[in-house]
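*Asks:* Questions regarding the structure given below will be posed in turn.
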Amino acid sequence: DVINELENIGIHSVYHQLNNEKQGEEIKPTLYHQKNIEKKYHVDYAFISDDLISDCHIEIGERKDWIEVSDHMPLVIELEG
């Protein structure tokens, strides 16, 4: 519901907009629950307005680089311009 309300006012998930993926059909996980590779989910989000999305880039941290310190992978958002 919240995601639909945000979209109605021109605010979107950076990951979903740039990767053309639907909520619940994400390819790249952001969480390995309790650091378990079998329990992977996409539960972390960053939102941005329509007027900035074309200048935006997102990167999700790789499991091999982050799993020792957290079960969540970092989202890195860059804005150009």
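Each chain of the structure tokens is named A, B, ... in the order shown, its residues numbered from 1; ligands are numbered from 1 in display order.
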Which residues of region 44-67 of chain A sit at most 12 Å from region 19-25 of chain A, using only C-alpha atoms? Give each one's shortest atom pair and distance in Å (one decimal place), in chain and ascending residue order, as JSON lines.
*Replies:*
{"residue": "A:Asp44", "atom": "CA", "partner": "A:Gln23", "partner_atom": "CA", "distance": 11.6}
{"residue": "A:Tyr45", "atom": "CA", "partner": "A:Gln23", "partner_atom": "CA", "distance": 10.7}
{"residue": "A:Ile53", "atom": "CA", "partner": "A:Asn19", "partner_atom": "CA", "distance": 11.8}
{"residue": "A:Cys56", "atom": "CA", "partner": "A:Asn19", "partner_atom": "CA", "distance": 11.8}
{"residue": "A:His57", "atom": "CA", "partner": "A:Asn19", "partner_atom": "CA", "distance": 10.2}
{"residue": "A:Ile58", "atom": "CA", "partner": "A:Asn19", "partner_atom": "CA", "distance": 9.4}
{"residue": "A:Glu59", "atom": "CA", "partner": "A:Asn19", "partner_atom": "CA", "distance": 10.8}
{"residue": "A:Ile60", "atom": "CA", "partner": "A:Asn19", "partner_atom": "CA", "distance": 11.9}
*Asks:* Could the residues in this selection be written to a file with N, CA and C atoms, as a PDB file, in the first residue's frame?
*Replies:*
ATOM      1  N   ASP A  44      15.237  -4.242   1.404  1.00  0.00           N
ATOM      2  CA  ASP A  44      15.773  -2.905   1.642  1.00  0.00           C
ATOM      3  C   ASP A  44      15.518  -2.043   0.404  1.00  0.00           C
ATOM      4  N   TYR A  45      15.104  -0.796   0.645  1.00  0.00           N
ATOM      5  CA  TYR A  45      14.692   0.071  -0.454  1.00  0.00           C
ATOM      6  C   TYR A  45      15.279   1.462  -0.309  1.00  0.00           C
ATOM      7  N   ILE A  53      15.313  10.379 -11.159  1.00  0.00           N
ATOM      8  CA  ILE A  53      15.603   8.975 -11.472  1.00  0.00           C
ATOM      9  C   ILE A  53      16.547   8.816 -12.661  1.00  0.00           C
ATOM     10  N   CYS A  56      20.232   8.792 -11.688  1.00  0.00           N
ATOM     11  CA  CYS A  56      20.502   7.938 -10.543  1.00  0.00           C
ATOM     12  C   CYS A  56      21.080   6.584 -10.962  1.00  0.00           C
ATOM     13  N   HIS A  57      21.905   6.025 -10.093  1.00  0.00           N
ATOM     14  CA  HIS A  57      22.486   4.696 -10.282  1.00  0.00           C
ATOM     15  C   HIS A  57      22.430   3.983  -8.931  1.00  0.00           C
ATOM     16  N   ILE A  58      22.143   2.678  -8.959  1.00  0.00           N
ATOM     17  CA  ILE A  58      22.098   1.902  -7.719  1.00  0.00           C
ATOM     18  C   ILE A  58      23.000   0.678  -7.832  1.00  0.00           C
ATOM     19  N   GLU A  59      23.635   0.362  -6.743  1.00  0.00           N
ATOM     20  CA  GLU A  59      24.444  -0.854  -6.654  1.00  0.00           C
ATOM     21  C   GLU A  59      24.127  -1.532  -5.315  1.00  0.00           C
ATOM     22  N   ILE A  60      23.956  -2.839  -5.362  1.00  0.00           N
ATOM     23  CA  ILE A  60      23.724  -3.610  -4.145  1.00  0.00           C
ATOM     24  C   ILE A  60      24.990  -4.392  -3.843  1.00  0.00           C
TER      25      ILE A  60
END
*Asks:* Please identify all polymer residues within 12 Å of His33 (chain A), counting only C-alpha atoms, omitting same-chain residues fewer than 3 positions from it, and present them as a PDB file with N, CA and C atoms, in the first residue's frame.
*Replies:*
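To be explicit, this is the file written out as around21.pdb:
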ATOM      1  N   PRO A  29      18.972 -10.115  -4.142  1.00  0.00           N
ATOM      2  CA  PRO A  29      18.580  -9.990  -2.737  1.00  0.00           C
ATOM      3  C   PRO A  29      19.366  -8.899  -2.010  1.00  0.00           C
ATOM      4  N   THR A  30      18.723  -8.349  -0.977  1.00  0.00           N
ATOM      5  CA  THR A  30      19.398  -7.390  -0.099  1.00  0.00           C
ATOM      6  C   THR A  30      19.575  -7.958   1.298  1.00  0.00           C
ATOM      7  N   ASN A  36      22.067 -16.826   6.133  1.00  0.00           N
ATOM      8  CA  ASN A  36      21.794 -18.097   5.461  1.00  0.00           C
ATOM      9  C   ASN A  36      21.544 -17.849   3.970  1.00  0.00           C
ATOM     10  N   ILE A  37      22.374 -18.430   3.105  1.00  0.00           N
ATOM     11  CA  ILE A  37      22.261 -18.221   1.663  1.00  0.00           C
ATOM     12  C   ILE A  37      20.931 -18.727   1.095  1.00  0.00           C
ATOM     13  N   GLU A  38      20.283 -19.652   1.796  1.00  0.00           N
ATOM     14  CA  GLU A  38      18.994 -20.184   1.343  1.00  0.00           C
ATOM     15  C   GLU A  38      17.833 -19.248   1.681  1.00  0.00           C
ATOM     16  N   LYS A  39      18.047 -18.301   2.591  1.00  0.00           N
ATOM     17  CA  LYS A  39      16.989 -17.384   3.025  1.00  0.00           C
ATOM     18  C   LYS A  39      17.269 -15.983   2.491  1.00  0.00           C
ATOM     19  N   LYS A  40      17.199 -15.852   1.176  1.00  0.00           N
ATOM     20  CA  LYS A  40      17.508 -14.557   0.565  1.00  0.00           C
ATOM     21  C   LYS A  40      16.225 -13.835   0.149  1.00  0.00           C
ATOM     22  N   TYR A  41      16.220 -12.520   0.436  1.00  0.00           N
ATOM     23  CA  TYR A  41      15.052 -11.688   0.196  1.00  0.00           C
ATOM     24  C   TYR A  41      15.495 -10.300  -0.257  1.00  0.00           C
ATOM     25  N   HIS A  42      14.588  -9.593  -0.884  1.00  0.00           N
ATOM     26  CA  HIS A  42      14.825  -8.186  -1.229  1.00  0.00           C
ATOM     27  C   HIS A  42      13.924  -7.361  -0.327  1.00  0.00           C
ATOM     28  N   VAL A  43      14.486  -6.802   0.748  1.00  0.00           N
ATOM     29  CA  VAL A  43      13.676  -6.098   1.740  1.00  0.00           C
ATOM     30  C   VAL A  43      14.152  -4.665   2.018  1.00  0.00           C
ATOM     31  N   ARG A  63      27.308 -10.385  -1.620  1.00  0.00           N
ATOM     32  CA  ARG A  63      27.283 -11.222  -0.410  1.00  0.00           C
ATOM     33  C   ARG A  63      28.693 -11.545   0.076  1.00  0.00           C
ATOM     34  N   ILE A  67      28.891 -10.399   3.986  1.00  0.00           N
ATOM     35  CA  ILE A  67      28.187 -11.336   4.857  1.00  0.00           C
ATOM     36  C   ILE A  67      28.836 -11.491   6.237  1.00  0.00           C
ATOM     37  N   SER A  70      27.283  -8.339   8.150  1.00  0.00           N
ATOM     38  CA  SER A  70      25.833  -8.139   8.216  1.00  0.00           C
ATOM     39  C   SER A  70      25.109  -9.125   7.314  1.00  0.00           C
ATOM     40  N   ASP A  71      23.852  -9.407   7.664  1.00  0.00           N
ATOM     41  CA  ASP A  71      23.040 -10.219   6.761  1.00  0.00           C
ATOM     42  C   ASP A  71      22.319  -9.342   5.732  1.00  0.00           C
ATOM     43  N   HIS A  72      22.392  -8.015   5.900  1.00  0.00           N
ATOM     44  CA  HIS A  72      21.875  -7.068   4.908  1.00  0.00           C
ATOM     45  C   HIS A  72      23.011  -6.593   4.010  1.00  0.00           C
ATOM     46  N   MET A  73      22.730  -6.465   2.730  1.00  0.00           N
ATOM     47  CA  MET A  73      23.702  -5.941   1.794  1.00  0.00           C
ATOM     48  C   MET A  73      23.452  -4.439   1.636  1.00  0.00           C
TER      49      MET A  73
END
*Asks:* Among chain A, which residues carry a DSSP assignment of strand (DSSP E or B), reported as a ChimeraX atom specification?
*Replies:* /A:11-13,31-32,40-41,47-49,56-60,72,75-79
*Asks:* Might you pull out every residue within 7 Å of region 7-14 of chain A, with only C-alpha atoms counted and same-chain residues fewer than 4 positions away left off, and present them as a VMD selection string?
*Replies:* chain A and resid 3 18 45 to 50 58
*Asks:* From the options A:Pro74, A:Gly81, A:Val2, A:Ser54, which residue's atoms come nearest to Lys28 (chain A), counting only C-alpha atoms?
*Replies:*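 Looking only at the distances to Lys28 (chain A), the closest residue turns out to be A:Pro74.
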